[in-house]
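S.K.: Handing you this structure, nothing more for now.
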Amino acid sequence: MALSAIFLIFFLVMHLLINLLSVFNEGLFNEASHFMGTNPVIQFAMQPVLIFGVVYHFVMGFILEIQNRNARVVSYARNNGAANSTWMSRNMIYSGMFILIFLVIHFIDFWFPEMNTKYILGDMSGMHNGEFRYFEELQHKFVPIWRVALYVMGFVFLALHLLHGFNSAFQSVGANNKYTNGLKGFGKAYAILIPAGFIFIALFHHFNH
Amino acid sequence: MNLTLKIWRQKGANDKGKMVDYKVTDISEHMSFLEMMDVLNEQLIAEGEEPVAFDHDCREGICGMCSMYINGEAHGPDRGITTCQLHMRMFNDGDTITIEPWRAKAFPVIKDLIVDRTSFERIQQAGGYISVNTSGNTQDANAIPISKHAADEAMDAATCIGCGACVATCKNSSAMLFVGAKVSQYALLPQGQVEAADRVKNMVAQMDLEGFGNCTNTGACEVECPKGISLTNIARMNREFLKANLKG
């Protein structure tokens with residue numbers, strides 16, 4: 001669980017950096033998207049690893065939740081969880097489930113059409129009307145305000161998930177030492193800045209299409 | 001002060017159990033929580049009712065026997081204390097206080113507020129010991145050099161009294177703080193090295209067998225622990241477990 005979380009933490013940084021190119025340089029974003037979408041190492045080695053990491057993280061999350069619920073047969077009549085722990089730490093399953101719903105929508109929006117174009121229709125050119133299609137497709141997706149709102153909500157839940165999950169992952173692999181306080185601060189900054197970056201990109205394309 | 005108590009009553013392990021309301025009057029704010037329970041029980045005996053069964057022994061925060069979930073918190077609303085060290089000055093006249101037993105599948109209720117915590121003992125038996133030569137040639141522990149830092153950390157871990165508040169307060173009923181403390185108190189000392197790998201593997205296996213949940217690092221156990229056992233002990237146990245399994 002923790003190892004897949006750390007893997008996904010690294011992946012999110014890479015995803016954000018590539019997406020940020022769409023804000024600063026349309027051409028560079030198109031080049032990067034085409035490279036990522038057609039490079040065989042990325043497509044046939046790294047992409048399956050990523051999908052496995054995501055699926056493993058969700059499946060293990062549900063298994064842990066079921067095991068943990070089974071460990072307490074009778075609930076307390078009165079329980080004051082807020083007295084000793086954060087809301088985020090007590091509700092990882094719910095923030096995780098919302099992220100899962102968001103991911104399904106995200107896949108329907110971007111990943112499935114991409115797979116269809118490349119591997120079913122067989123168009124590996126990445127071109128549309130003589131130009132790279134990636135930037136246009138991205139901007140087009142963020143025209144409807146409902147989709148932007150959904151993405152913003154998805155990233156807010158991602159931030160809530162990361163606010164506990166980042167440091168929890170390192171604690172689970174045994175990393176609790178003199179660097180922990182620094183890591184906790186970095187984790188909080190990461191949990192806010194990375195989702196904020198994704199939100200910025202969605203809003204940027206909505207207002208600049 | 002006058003109080004309303006909502007207390008879990010359960011005749012035996014197989015009884016369904018229910019919350020029952022009681023009134024107590026003229027409770028002094030200087031009383032301990034258990035003294036208040038004594039007043040209630042004397043009142044119940046005088047009325048010909050069955051007194052509330054609850055665990056207690058030393059009544060000075062050392063033995064780890066008292067175990068009440070008070071107003072939604074293990075050992076009540078104060079910090080760094082056991083139930084017997086909780087004072088009635090933490091409450092106000094007219095308050096309603098909810099009192100429940102530890103809730104966990106691995107801590108089944110025996111009667112009322114008493115739970116069976118022998119699962120902790122079985123975990124301890126699985127590896128919470130060191131082998132010492134007792135043939136008359138026992139080496140003096142003071143002759144073995146141990147750094148002040150390691151000795152302090154081992155002592156901090158060893159202050160765990162095994163009360164089970166960590167399990168009771170954890171939303172997952174995880175025993176990782178208890179097991180982490182017990183693994184750490186030996187892992188930090190040279191005497192604990194010989195059986196280190198077997199110890200952590202056996203204690204974790206027994207913990208899982210008992211039906212405790214998994215740690216999701218909410219940190220609630222550390223906050224509610226009467227002895228302030230730190231989450232660093234769970235991280236250390238995780239490292240020890242990883243190391244032991246990598247060695248095979």
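Each chain in the structure tokens gets a letter, A, B, ..., in the order shown, and its residues are numbered from 1; ligands are numbered from 1 in order too.
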Using only C-alpha atoms, I'd like every residue of chain B that has an atom within 10 Å of chain A; please write them out as a ChimeraX atom specification.
M.R.: /B:6,8,18-19,69-74,77,97-108,167-174,210-224,231-242
S.K.: Near Ala191 of chain A, counting only C-alpha atoms, which residues have an atom at most 9 Å away, once you skip same-chain residues fewer than 2 positions from it, shown as a ChimeraX atom specification?
M.R.: /A:158-166,186-189,193-196
S.K.: Residues of the last selection are to be written out with C-alpha atoms, as a short mmCIF file (atom, residue, chain, number, x, y, z; two decimals), in the first residue's frame.
M.R.:
data_model
loop_
_atom_site.label_atom_id
_atom_site.label_comp_id
_atom_site.auth_asym_id
_atom_site.auth_seq_id
_atom_site.Cartn_x
_atom_site.Cartn_y
_atom_site.Cartn_z
CA LEU A 158 -6.65 14.43 -3.88
CA ALA A 159 -5.22 17.18 -1.65
CA LEU A 160 -7.16 15.85 1.35
CA HIS A 161 -5.96 12.32 0.58
CA LEU A 162 -2.34 13.44 0.25
CA LEU A 163 -2.41 15.59 3.40
CA HIS A 164 -2.53 12.36 5.37
CA GLY A 165 -1.29 9.88 2.78
CA PHE A 166 2.09 11.43 1.99
CA PHE A 186 7.41 18.92 2.62
CA GLY A 187 4.49 16.47 2.51
CA LYS A 188 1.98 19.18 3.45
CA ALA A 189 3.42 21.52 0.80
CA LEU A 193 0.83 22.49 -4.35
CA ILE A 194 0.46 19.48 -6.64
CA PRO A 195 -3.39 19.46 -6.68
CA ALA A 196 -3.34 23.28 -6.84
#
S.K.: For Glu29 of chain B, list every protein, DNA or RNA residue within 9 Å, evaluated using only C-alpha atoms, and leave out those in the same chain fewer than 3 positions away; present the list as a PyMOL selection string.
M.R.: chain B and resi 1+32+87-92
S.K.: Find the distance between atom CA of Ile114 of chain B and atom CA of Val52 of chain B and write it in Å to one decimal.
M.R.: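 These atoms are spaced 9.5 Å apart.
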S.K.: Please give the complete set of residues from segment 78-179 of chain A that DSSP, run on the backbone, assigns to strand (DSSP E or B), formatted as an MDAnalysis selection string.
M.R.: chainID A and resid 127:128 131:132
S.K.: With C-alpha atoms retained, could you export that selection as a PDB file, in the first residue's frame?
M.R.:
ATOM      1  CA  MET A 127      -2.024  14.812 -36.061  1.00  0.00           C
ATOM      2  CA  HIS A 128      -5.339  16.425 -36.899  1.00  0.00           C
ATOM      3  CA  GLU A 131      -1.220  19.838 -36.760  1.00  0.00           C
ATOM      4  CA  PHE A 132      -0.629  18.043 -33.469  1.00  0.00           C
TER       5      PHE A 132
END
S.K.: Applying 7 Å and only C-alpha atoms, which residues near Val183 of chain B remain after dropping the ones on its own chain fewer than 2 positions away? List them as number ranges by chain.
M.R.: B: 128, 179-181, 185-187, 200, 237
S.K.: Since we have the selection now, will you write its residues out, keeping N, CA and C atoms, as a JSON list (two decimals), in the first residue's frame?
M.R.:
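This went into part_9.json:
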[["chain", "number", "residue", "atom", "x", "y", "z"],
["B", 128, "GLY", "N", 8.00, -11.58, 22.93],
["B", 128, "GLY", "CA", 8.38, -10.45, 23.80],
["B", 128, "GLY", "C", 9.24, -10.87, 24.97],
["B", 179, "VAL", "N", 2.48, -3.45, 20.00],
["B", 179, "VAL", "CA", 3.49, -4.40, 19.48],
["B", 179, "VAL", "C", 4.77, -3.64, 19.12],
["B", 180, "GLY", "N", 4.61, -2.45, 18.55],
["B", 180, "GLY", "CA", 5.78, -1.63, 18.21],
["B", 180, "GLY", "C", 6.61, -1.32, 19.44],
["B", 181, "ALA", "N", 5.94, -1.00, 20.55],
["B", 181, "ALA", "CA", 6.66, -0.69, 21.80],
["B", 181, "ALA", "C", 7.37, -1.92, 22.33],
["B", 185, "GLN", "N", 11.49, -2.14, 22.60],
["B", 185, "GLN", "CA", 12.21, -2.16, 23.88],
["B", 185, "GLN", "C", 13.35, -3.19, 23.87],
["B", 186, "TYR", "N", 13.20, -4.22, 23.01],
["B", 186, "TYR", "CA", 14.29, -5.20, 22.87],
["B", 186, "TYR", "C", 15.19, -4.89, 21.68],
["B", 187, "ALA", "N", 14.59, -4.39, 20.60],
["B", 187, "ALA", "CA", 15.37, -4.14, 19.38],
["B", 187, "ALA", "C", 16.44, -3.08, 19.61],
["B", 200, "VAL", "N", 10.13, -10.17, 15.92],
["B", 200, "VAL", "CA", 9.21, -9.29, 15.21],
["B", 200, "VAL", "C", 8.28, -10.09, 14.30],
["B", 237, "MET", "N", 9.25, -0.92, 14.29],
["B", 237, "MET", "CA", 8.76, -2.29, 14.11],
["B", 237, "MET", "C", 8.66, -2.62, 12.62]]
S.K.: Go through B:His149, B:Lys16, B:Lys23, B:Lys201 one by one, measure the shortest atom-to-atom distance of each to Asn2 of chain B using only C-alpha atoms, and give the residue with the smallest value.
M.R.: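 Of B:His149, B:Lys16, B:Lys23, B:Lys201, the one nearest Asn2 of chain B is B:Lys23, counting only C-alpha atoms.
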S.K.: Please, which residues of segment 54-240 of chain B, numbered as in this document, come out alpha helix (DSSP H) from DSSP, as number ranges by chain?
M.R.: B: 118-127, 148-158, 165-169, 176-187, 196-210, 220-224, 232-240
S.K.: List the spatial neighbours of Cys160 of chain B as a VMD selection string - criterion: any atom at most 12 Å away, only C-alpha atoms, same-chain residues fewer than 4 positions off excluded.
M.R.: chain B and resid 61 to 64 80 82 120 154 to 156 164 to 166 177 to 185 221 to 222 225 to 230 233
S.K.: Which neighbours of segment 26-39 of chain A fall inside 12 Å, counting only C-alpha atoms, when residues of the same chain fewer than 4 positions from it are skipped, and could you give them as a count of residues only?
M.R.: 38
S.K.: Can you tell me, as a VMD selection string, what residues are no more than 8 Å from His56 of chain B when counting only C-alpha atoms, ignoring any on the same chain fewer than 4 positions away?
M.R.: chain B and resid 65 to 67 84
S.K.: Just checking: using only C-alpha atoms, which residue out of B:Ala205, B:Leu189, B:Ile27, B:Leu44 ends up closest to Pro145 of chain B?
M.R.: B:Leu189
S.K.: Report, in Å to a single decimal, how far apart atom CA of Leu8 of chain A and atom CA of Phe52 of chain A are.
M.R.: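 Taking atom CA of Phe52 of chain A as the start and atom CA of Leu8 of chain A as the end point, the length is 10.8 Å.
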